[in-house]
>>> print(open('target_13.cif').read())   # mmCIF, C-alpha atoms, pLDDT in the B column; chains and numbers go by the auth columns
data_upload
#
loop_
_atom_site.group_PDB
_atom_site.id
_atom_site.type_symbol
_atom_site.label_atom_id
_atom_site.label_comp_id
_atom_site.label_asym_id
_atom_site.label_seq_id
_atom_site.Cartn_x
_atom_site.Cartn_y
_atom_site.Cartn_z
_atom_site.B_iso_or_equiv
_atom_site.auth_seq_id
_atom_site.auth_asym_id
ATOM 1 C CA MET A 1 137.024 -28.762 -249.876 82.00 999 W
ATOM 2 C CA ASN A 2 136.264 -29.889 -253.416 89.00 1000 W
ATOM 3 C CA ASP A 3 137.294 -27.935 -256.497 92.00 1001 W
ATOM 4 C CA ALA A 4 133.810 -26.705 -257.339 95.00 1002 W
ATOM 5 C CA VAL A 5 133.508 -24.904 -253.977 96.00 1003 W
ATOM 6 C CA PHE A 6 137.036 -23.533 -254.288 96.00 1004 W
ATOM 7 C CA GLN A 7 136.274 -22.186 -257.770 97.00 1005 W
ATOM 8 C CA THR A 8 133.011 -20.640 -256.601 97.00 1006 W
ATOM 9 C CA ILE A 9 134.819 -18.830 -253.794 98.00 1007 W
ATOM 10 C CA GLN A 10 137.705 -17.796 -256.052 97.00 1008 W
ATOM 11 C CA ALA A 11 135.226 -16.393 -258.605 98.00 1009 W
ATOM 12 C CA LEU A 12 133.357 -14.400 -255.952 98.00 1010 W
ATOM 13 C CA VAL A 13 136.610 -13.006 -254.574 98.00 1011 W
ATOM 14 C CA ASP A 14 137.963 -12.136 -258.032 97.00 1012 W
ATOM 15 C CA LYS A 15 134.739 -10.684 -259.425 97.00 1013 W
ATOM 16 C CA ASN A 16 133.873 -8.450 -256.470 98.00 1014 W
ATOM 17 C CA PRO A 17 136.570 -5.953 -255.418 98.00 1015 W
ATOM 18 C CA VAL A 18 135.049 -5.777 -251.915 98.00 1016 W
ATOM 19 C CA MET A 19 133.615 -9.178 -250.974 98.00 1017 W
ATOM 20 C CA LEU A 20 132.117 -10.038 -247.580 98.00 1018 W
ATOM 21 C CA PHE A 21 131.304 -13.623 -246.577 98.00 1019 W
ATOM 22 C CA MET A 22 128.811 -13.233 -243.749 98.00 1020 W
ATOM 23 C CA LYS A 23 125.919 -14.780 -241.845 96.00 1021 W
ATOM 24 C CA GLY A 24 122.746 -13.297 -243.309 98.00 1022 W
ATOM 25 C CA ASP A 25 122.759 -10.386 -245.776 97.00 1023 W
ATOM 26 C CA LYS A 26 122.967 -6.584 -245.822 96.00 1024 W
ATOM 27 C CA GLN A 27 119.352 -6.100 -244.851 96.00 1025 W
ATOM 28 C CA PHE A 28 119.187 -8.956 -242.317 97.00 1026 W
ATOM 29 C CA PRO A 29 122.575 -9.785 -240.827 97.00 1027 W
ATOM 30 C CA GLN A 30 122.156 -12.869 -238.650 95.00 1028 W
ATOM 31 C CA CYS A 31 125.104 -12.290 -236.325 91.00 1029 W
ATOM 32 C CA GLY A 32 126.454 -9.292 -234.416 90.00 1030 W
ATOM 33 C CA PHE A 33 129.926 -9.562 -235.878 91.00 1031 W
ATOM 34 C CA SER A 34 128.624 -9.745 -239.463 95.00 1032 W
ATOM 35 C CA ALA A 35 126.280 -6.840 -238.788 97.00 1033 W
ATOM 36 C CA ARG A 36 129.140 -4.678 -237.533 96.00 1034 W
ATOM 37 C CA VAL A 37 131.209 -5.204 -240.694 98.00 1035 W
ATOM 38 C CA VAL A 38 128.164 -4.380 -242.870 98.00 1036 W
ATOM 39 C CA GLN A 39 127.675 -1.221 -240.788 98.00 1037 W
ATOM 40 C CA ILE A 40 131.332 -0.186 -241.196 98.00 1038 W
ATOM 41 C CA LEU A 41 131.359 -0.751 -244.967 98.00 1039 W
ATOM 42 C CA SER A 42 128.020 1.040 -245.384 97.00 1040 W
ATOM 43 C CA HIS A 43 129.237 3.941 -243.233 97.00 1041 W
ATOM 44 C CA ILE A 44 132.416 4.265 -245.333 97.00 1042 W
ATOM 45 C CA GLY A 45 130.180 4.216 -248.407 96.00 1043 W
ATOM 46 C CA VAL A 46 132.177 1.667 -250.409 97.00 1044 W
ATOM 47 C CA GLU A 47 130.415 -0.661 -252.836 96.00 1045 W
ATOM 48 C CA PHE A 48 130.503 -4.247 -251.539 98.00 1046 W
ATOM 49 C CA GLU A 49 129.022 -7.645 -252.332 98.00 1047 W
ATOM 50 C CA THR A 50 127.954 -10.220 -249.730 98.00 1048 W
ATOM 51 C CA GLU A 51 127.539 -13.998 -249.667 98.00 1049 W
ATOM 52 C CA ASN A 52 125.231 -15.495 -247.070 98.00 1050 W
ATOM 53 C CA VAL A 53 127.146 -18.551 -245.839 97.00 1051 W
ATOM 54 C CA LEU A 54 124.056 -19.711 -243.912 97.00 1052 W
ATOM 55 C CA GLU A 55 122.433 -20.475 -247.254 97.00 1053 W
ATOM 56 C CA ASN A 56 125.374 -22.519 -248.462 95.00 1054 W
ATOM 57 C CA PRO A 57 127.019 -24.888 -245.938 94.00 1055 W
ATOM 58 C CA ALA A 58 129.689 -25.897 -248.488 96.00 1056 W
ATOM 59 C CA ILE A 59 130.860 -22.285 -248.762 97.00 1057 W
ATOM 60 C CA ARG A 60 130.510 -21.820 -244.991 95.00 1058 W
ATOM 61 C CA GLN A 61 133.150 -24.528 -244.453 94.00 1059 W
ATOM 62 C CA GLY A 62 135.056 -23.910 -247.692 96.00 1060 W
ATOM 63 C CA ILE A 63 135.770 -20.267 -246.899 96.00 1061 W
ATOM 64 C CA LYS A 64 137.453 -21.278 -243.644 94.00 1062 W
ATOM 65 C CA ASP A 65 139.797 -23.604 -245.545 93.00 1063 W
ATOM 66 C CA PHE A 66 140.274 -21.008 -248.301 96.00 1064 W
ATOM 67 C CA SER A 67 141.650 -18.398 -245.901 95.00 1065 W
ATOM 68 C CA GLN A 68 142.822 -20.690 -243.094 92.00 1066 W
ATOM 69 C CA TRP A 69 140.652 -18.488 -240.851 92.00 1067 W
ATOM 70 C CA PRO A 70 138.180 -20.249 -238.558 90.00 1068 W
ATOM 71 C CA THR A 71 135.385 -17.712 -238.224 91.00 1069 W
ATOM 72 C CA ILE A 72 132.779 -15.763 -240.181 93.00 1070 W
ATOM 73 C CA PRO A 73 132.530 -12.900 -241.278 95.00 1071 W
ATOM 74 C CA GLN A 74 135.485 -12.677 -243.637 97.00 1072 W
ATOM 75 C CA LEU A 75 136.304 -9.574 -245.700 98.00 1073 W
ATOM 76 C CA TYR A 76 138.265 -9.665 -248.972 98.00 1074 W
ATOM 77 C CA VAL A 77 139.527 -6.597 -250.880 98.00 1075 W
ATOM 78 C CA LYS A 78 140.735 -7.183 -254.451 97.00 1076 W
ATOM 79 C CA GLY A 79 141.081 -10.878 -253.726 96.00 1077 W
ATOM 80 C CA GLU A 80 143.128 -10.418 -250.540 95.00 1078 W
ATOM 81 C CA PHE A 81 141.870 -11.677 -247.183 96.00 1079 W
ATOM 82 C CA ILE A 82 141.741 -8.652 -244.848 96.00 1080 W
ATOM 83 C CA GLY A 83 140.326 -10.203 -241.704 95.00 1081 W
ATOM 84 C CA GLY A 84 137.277 -10.807 -239.557 94.00 1082 W
ATOM 85 C CA CYS A 85 135.191 -8.401 -237.504 93.00 1083 W
ATOM 86 C CA ASP A 86 137.942 -7.511 -235.023 92.00 1084 W
ATOM 87 C CA ILE A 87 140.542 -6.643 -237.636 94.00 1085 W
ATOM 88 C CA VAL A 88 138.060 -4.693 -239.811 97.00 1086 W
ATOM 89 C CA THR A 89 136.948 -2.757 -236.707 95.00 1087 W
ATOM 90 C CA ASP A 90 140.567 -2.024 -235.687 92.00 1088 W
ATOM 91 C CA MET A 91 141.438 -0.902 -239.217 95.00 1089 W
ATOM 92 C CA TYR A 92 138.304 1.254 -239.416 97.00 1090 W
ATOM 93 C CA GLN A 93 139.058 2.971 -236.107 96.00 1091 W
ATOM 94 C CA SER A 94 142.661 3.668 -237.153 95.00 1092 W
ATOM 95 C CA GLY A 95 141.603 4.899 -240.627 96.00 1093 W
ATOM 96 C CA GLU A 96 143.651 2.101 -242.219 95.00 1094 W
ATOM 97 C CA LEU A 97 140.586 0.534 -243.881 97.00 1095 W
ATOM 98 C CA GLU A 98 139.623 3.706 -245.701 97.00 1096 W
ATOM 99 C CA SER A 99 143.186 4.396 -246.860 96.00 1097 W
ATOM 100 C CA LEU A 100 143.436 0.814 -248.133 96.00 1098 W
ATOM 101 C CA LEU A 101 140.214 1.224 -250.123 97.00 1099 W
ATOM 102 C CA VAL A 102 141.370 4.605 -251.517 96.00 1100 W
ATOM 103 C CA GLU A 103 144.743 3.104 -252.417 96.00 1101 W
ATOM 104 C CA LYS A 104 143.003 0.267 -254.287 96.00 1102 W
ATOM 105 C CA GLY A 105 140.888 2.818 -256.148 96.00 1103 W
ATOM 106 C CA LEU A 106 137.656 1.603 -254.570 96.00 1104 W
ATOM 107 C CA LEU A 107 136.856 4.760 -252.647 94.00 1105 W
ATOM 108 C CA LYS A 108 137.243 8.443 -253.480 88.00 1106 W
ATOM 109 C CA SER A 109 139.441 10.045 -250.841 79.00 1107 W
ATOM 110 C CA GLU A 110 137.780 12.695 -248.640 68.00 1108 W
ATOM 111 C CA GLY A 111 140.619 15.224 -249.081 56.00 1109 W
ATOM 112 C CA MET B 1 130.784 -23.923 -223.733 81.00 975 P
ATOM 113 C CA MET B 2 134.132 -22.567 -222.547 89.00 976 P
ATOM 114 C CA THR B 3 134.392 -20.435 -219.412 91.00 977 P
ATOM 115 C CA ALA B 4 136.532 -17.311 -219.058 93.00 978 P
ATOM 116 C CA GLU B 5 138.939 -19.311 -216.885 94.00 979 P
ATOM 117 C CA GLU B 6 139.330 -22.037 -219.517 94.00 980 P
ATOM 118 C CA ILE B 7 139.941 -19.413 -222.197 95.00 981 P
ATOM 119 C CA GLU B 8 142.562 -17.701 -220.049 96.00 982 P
ATOM 120 C CA LYS B 9 144.237 -21.020 -219.214 97.00 983 P
ATOM 121 C CA THR B 10 144.399 -21.960 -222.911 96.00 984 P
ATOM 122 C CA LEU B 11 145.928 -18.587 -223.749 97.00 985 P
ATOM 123 C CA ARG B 12 148.446 -18.780 -220.886 97.00 986 P
ATOM 124 C CA THR B 13 149.591 -22.175 -222.108 97.00 987 P
ATOM 125 C CA ALA B 14 149.887 -20.964 -225.697 97.00 988 P
ATOM 126 C CA PHE B 15 151.521 -17.615 -224.827 97.00 989 P
ATOM 127 C CA PRO B 16 153.754 -18.134 -221.752 96.00 990 P
ATOM 128 C CA GLY B 17 154.721 -14.828 -220.139 95.00 991 P
ATOM 129 C CA ALA B 18 152.179 -12.802 -222.093 97.00 992 P
ATOM 130 C CA GLN B 19 149.853 -10.196 -220.565 97.00 993 P
ATOM 131 C CA ILE B 20 146.388 -11.684 -220.959 98.00 994 P
ATOM 132 C CA VAL B 21 142.970 -10.176 -220.239 97.00 995 P
ATOM 133 C CA VAL B 22 139.759 -12.145 -220.821 96.00 996 P
ATOM 134 C CA GLU B 23 136.384 -10.431 -220.561 94.00 997 P
ATOM 135 C CA ASP B 24 132.870 -11.880 -220.686 91.00 998 P
ATOM 136 C CA LEU B 25 131.272 -9.355 -223.042 86.00 999 P
ATOM 137 C CA ALA B 26 127.612 -9.869 -222.569 80.00 1000 P
ATOM 138 C CA GLY B 27 127.722 -11.578 -219.193 82.00 1001 P
ATOM 139 C CA ASP B 28 126.076 -14.536 -220.908 81.00 1002 P
ATOM 140 C CA GLY B 29 129.108 -16.807 -220.865 81.00 1003 P
ATOM 141 C CA ASP B 30 128.912 -16.971 -224.670 80.00 1004 P
ATOM 142 C CA HIS B 31 130.583 -13.840 -226.001 85.00 1005 P
ATOM 143 C CA PHE B 32 134.095 -13.191 -224.836 91.00 1006 P
ATOM 144 C CA ALA B 33 136.825 -10.645 -225.639 93.00 1007 P
ATOM 145 C CA CYS B 34 140.489 -11.253 -224.991 95.00 1008 P
ATOM 146 C CA GLU B 35 143.606 -9.129 -225.258 97.00 1009 P
ATOM 147 C CA VAL B 36 147.014 -10.778 -225.558 97.00 1010 P
ATOM 148 C CA VAL B 37 150.208 -8.726 -225.334 98.00 1011 P
ATOM 149 C CA SER B 38 153.236 -10.842 -226.246 97.00 1012 P
ATOM 150 C CA ASP B 39 156.601 -10.548 -227.963 97.00 1013 P
ATOM 151 C CA VAL B 40 155.534 -13.376 -230.214 96.00 1014 P
ATOM 152 C CA PHE B 41 153.438 -10.872 -232.214 97.00 1015 P
ATOM 153 C CA ARG B 42 156.278 -8.437 -232.954 97.00 1016 P
ATOM 154 C CA GLY B 43 156.466 -7.782 -236.712 95.00 1017 P
ATOM 155 C CA LEU B 44 153.502 -10.016 -237.557 95.00 1018 P
ATOM 156 C CA SER B 45 150.482 -8.785 -239.520 91.00 1019 P
ATOM 157 C CA ARG B 46 147.193 -8.558 -237.599 91.00 1020 P
ATOM 158 C CA VAL B 47 145.850 -11.553 -239.509 93.00 1021 P
ATOM 159 C CA LYS B 48 148.868 -13.654 -238.517 93.00 1022 P
ATOM 160 C CA GLN B 49 148.665 -12.476 -234.899 95.00 1023 P
ATOM 161 C CA HIS B 50 144.993 -13.369 -234.621 94.00 1024 P
ATOM 162 C CA LYS B 51 145.607 -16.718 -236.335 93.00 1025 P
ATOM 163 C CA LEU B 52 148.067 -17.618 -233.573 95.00 1026 P
ATOM 164 C CA VAL B 53 145.352 -16.934 -231.004 95.00 1027 P
ATOM 165 C CA TYR B 54 142.761 -18.996 -232.883 93.00 1028 P
ATOM 166 C CA ASP B 55 145.289 -21.824 -233.350 93.00 1029 P
ATOM 167 C CA ALA B 56 145.616 -22.016 -229.550 95.00 1030 P
ATOM 168 C CA PHE B 57 141.973 -23.123 -229.429 93.00 1031 P
ATOM 169 C CA GLY B 58 142.201 -25.546 -232.333 90.00 1032 P
ATOM 170 C CA ASP B 59 138.836 -26.699 -233.615 85.00 1033 P
ATOM 171 C CA ARG B 60 136.960 -25.375 -230.594 89.00 1034 P
ATOM 172 C CA VAL B 61 136.677 -22.003 -232.353 85.00 1035 P
ATOM 173 C CA GLY B 62 133.231 -21.771 -233.830 77.00 1036 P
ATOM 174 C CA THR B 63 132.045 -24.810 -231.847 79.00 1037 P
ATOM 175 C CA GLU B 64 132.572 -24.694 -228.079 81.00 1038 P
ATOM 176 C CA LEU B 65 133.921 -21.169 -228.433 83.00 1039 P
ATOM 177 C CA HIS B 66 131.142 -19.354 -230.237 75.00 1040 P
ATOM 178 C CA ALA B 67 132.358 -15.765 -230.165 82.00 1041 P
ATOM 179 C CA LEU B 68 135.780 -14.485 -229.157 88.00 1042 P
ATOM 180 C CA ALA B 69 136.745 -10.919 -229.990 89.00 1043 P
ATOM 181 C CA VAL B 70 140.533 -10.847 -230.272 92.00 1044 P
ATOM 182 C CA LYS B 71 142.916 -7.958 -229.656 93.00 1045 P
ATOM 183 C CA THR B 72 146.648 -8.579 -229.945 95.00 1046 P
ATOM 184 C CA ARG B 73 149.811 -6.485 -229.853 94.00 1047 P
ATOM 185 C CA ALA B 74 153.495 -6.728 -229.038 95.00 1048 P
ATOM 186 C CA PRO B 75 154.617 -4.891 -225.888 94.00 1049 P
ATOM 187 C CA GLU B 76 155.852 -1.315 -226.593 87.00 1050 P
#
>>> encode(input="target_13.cif", output="structure tokens")
Amino acid sequence: MNDAVFQTIQALVDKNPVMLFMKGDKQFPQCGFSARVVQILSHIGVEFETENVLENPAIRQGIKDFSQWPTIPQLYVKGEFIGGCDIVTDMYQSGELESLLVEKGLLKSEG
Amino acid sequence: MMTAEEIEKTLRTAFPGAQIVVEDLAGDGDHFACEVVSDVFRGLSRVKQHKLVYDAFGDRVGTELHALAVKTRAPE
């Protein structure tokens, strides 16, 4: 992956506290797994930014090298790779995702 | 396209002695779910656990293996 792609990804991950690399976008997710993560984040009500990797093949491959994770979608919180659809779903079901977002000051706690 | 048997065989080779369940999610031979219960995962973060599973498939993930939902844990 060349530097330009790396810097683009790094900028997206640094600039957006909750950053989702996905297939499609919020309105039109193009894959079931990406759609589920959008649904979870929307349901939680946290602000998040998305990047449609289908529109940018360099980022589609680059992101897999960036995180050493072979699939899309990929969720980042404050620059840290959290996981793909399975992990985000697990964390959501256990409440871990919401507590992480509250802890990082990205979500007001319900209590 | 990988079959459920091939997925299970790959996992058995990568995780000897583990409890492995492979399920064809949509019945279309294209979307699978697998659960792997192995001591290898003890103390590892979820991301690291799932990476071990993906590593077992090498570059087939995202090519021959389009969609694999992964669940991992260490035995209680």
>>> closest_residue(input="target_13.cif", among="W:Val1035, W:Ile1080, W:Leu1018, W:Val1075", to="chain P", atoms="only C-alpha atoms")
W:Ile1080
>>> residues_around(input="target_13.cif", residues="segment 1022-1032 of chain P", least_positions_apart="6", cutoff="10 Å", atoms="all atoms listed in the file", output="VMD selection string")
(chain W and resid 1066 to 1069 1081 to 1082 1084 to 1085) or (chain P and resid 981 984 to 989 1008 to 1010 1012 1014 to 1016 1038 to 1039 1042 to 1048)
>>> residues_around(input="target_13.cif", residues="Met999 of chain W", least_positions_apart="5", cutoff="10 Å", atoms="all atoms listed in the file", output="NGL selection string")
:W and (1004 or 1056-1057 or 1059-1064)
>>> resolve_selection(input="target_13.cif", expression="the PyMOL selection byres ((chain W and resi 1101-1106) around 10)", output="ChimeraX atom specification")
/W:1015-1016,1042-1046,1075-1076,1095-1100,1107-1109
>>> atom_distance(input="target_13.cif", atom1="atom CA of Gly1003 of chain P", atom2="atom CA of His1040 of chain P")
9.9 Å
>>> closest_residue(input="target_13.cif", among="P:Pro990, P:Asp1033, P:Met975, P:Val996", to="Asp1013 of chain P", atoms="all atoms listed in the file")
P:Pro990
>>> atom_distance(input="target_13.cif", atom1="atom CA of Arg1034 of chain W", atom2="atom CA of Cys1083 of chain W")
7.1 Å
>>> atom_distance(input="target_13.cif", atom1="atom CA of Gln1037 of chain W", atom2="atom CA of Asn1054 of chain W")
22.8 Å
>>> resolve_selection(input="target_13.cif", expression="the PyMOL selection byres ((chain P and resi 998) around 10)", output="MDAnalysis selection string")
chainID P and resid 977:978 996:997 999:1008 1042
>>> closest_residue(input="target_13.cif", among="W:Gln1028, W:Ser1065, W:Gln1091, W:Thr1006", to="chain P", atoms="only C-alpha atoms")
W:Ser1065
>>> axis_aligned_box(input="target_13.cif", around="segment 1015-1034 of chain P", padding_each_side="6 Å", output="lines of an AutoDock Vina configuration file")
center_x = 146.7
center_y = -17.2
center_z = -234.5
size_x = 31.5
size_y = 30.9
size_z = 22.1
>>> closest_residue(input="target_13.cif", among="P:Ser1019, P:Lys983, P:Gln993, P:Gly1036", to="chain W", atoms="all atoms listed in the file")
P:Gly1036
>>> closest_residue(input="target_13.cif", among="P:Ala992, P:Leu1018, P:Thr1037, P:Val1011", to="chain W", atoms="only C-alpha atoms")
P:Thr1037
>>> resolve_selection(input="target_13.cif", expression="the PyMOL selection byres ((chain W and resi 1049-1051) around 9)", output="MDAnalysis selection string")
chainID W and resid 1010 1017:1023 1027 1047:1048 1052:1059 1061 1070
>>> write_last_selection(input="target_13.cif", atoms="C-alpha atoms", output="PDB file, in the coordinates of the input")
ATOM      1  CA  LEU W1010     133.357 -14.400-255.952  1.00 98.00           C
ATOM      2  CA  MET W1017     133.615  -9.178-250.974  1.00 98.00           C
ATOM      3  CA  LEU W1018     132.117 -10.038-247.580  1.00 98.00           C
ATOM      4  CA  PHE W1019     131.304 -13.623-246.577  1.00 98.00           C
ATOM      5  CA  MET W1020     128.811 -13.233-243.749  1.00 98.00           C
ATOM      6  CA  LYS W1021     125.919 -14.780-241.845  1.00 96.00           C
ATOM      7  CA  GLY W1022     122.746 -13.297-243.309  1.00 98.00           C
ATOM      8  CA  ASP W1023     122.759 -10.386-245.776  1.00 97.00           C
ATOM      9  CA  PRO W1027     122.575  -9.785-240.827  1.00 97.00           C
ATOM     10  CA  GLU W1047     129.022  -7.645-252.332  1.00 98.00           C
ATOM     11  CA  THR W1048     127.954 -10.220-249.730  1.00 98.00           C
ATOM     12  CA  LEU W1052     124.056 -19.711-243.912  1.00 97.00           C
ATOM     13  CA  GLU W1053     122.433 -20.475-247.254  1.00 97.00           C
ATOM     14  CA  ASN W1054     125.374 -22.519-248.462  1.00 95.00           C
ATOM     15  CA  PRO W1055     127.019 -24.888-245.938  1.00 94.00           C
ATOM     16  CA  ALA W1056     129.689 -25.897-248.488  1.00 96.00           C
ATOM     17  CA  ILE W1057     130.860 -22.285-248.762  1.00 97.00           C
ATOM     18  CA  ARG W1058     130.510 -21.820-244.991  1.00 95.00           C
ATOM     19  CA  GLN W1059     133.150 -24.528-244.453  1.00 94.00           C
ATOM     20  CA  ILE W1061     135.770 -20.267-246.899  1.00 96.00           C
ATOM     21  CA  ILE W1070     132.779 -15.763-240.181  1.00 93.00           C
TER      22      ILE W1070
END
>>> closest_residue(input="target_13.cif", among="P:Val1035, P:Glu982, P:Gly991, P:Met976", to="chain W", atoms="all atoms listed in the file")
P:Val1035
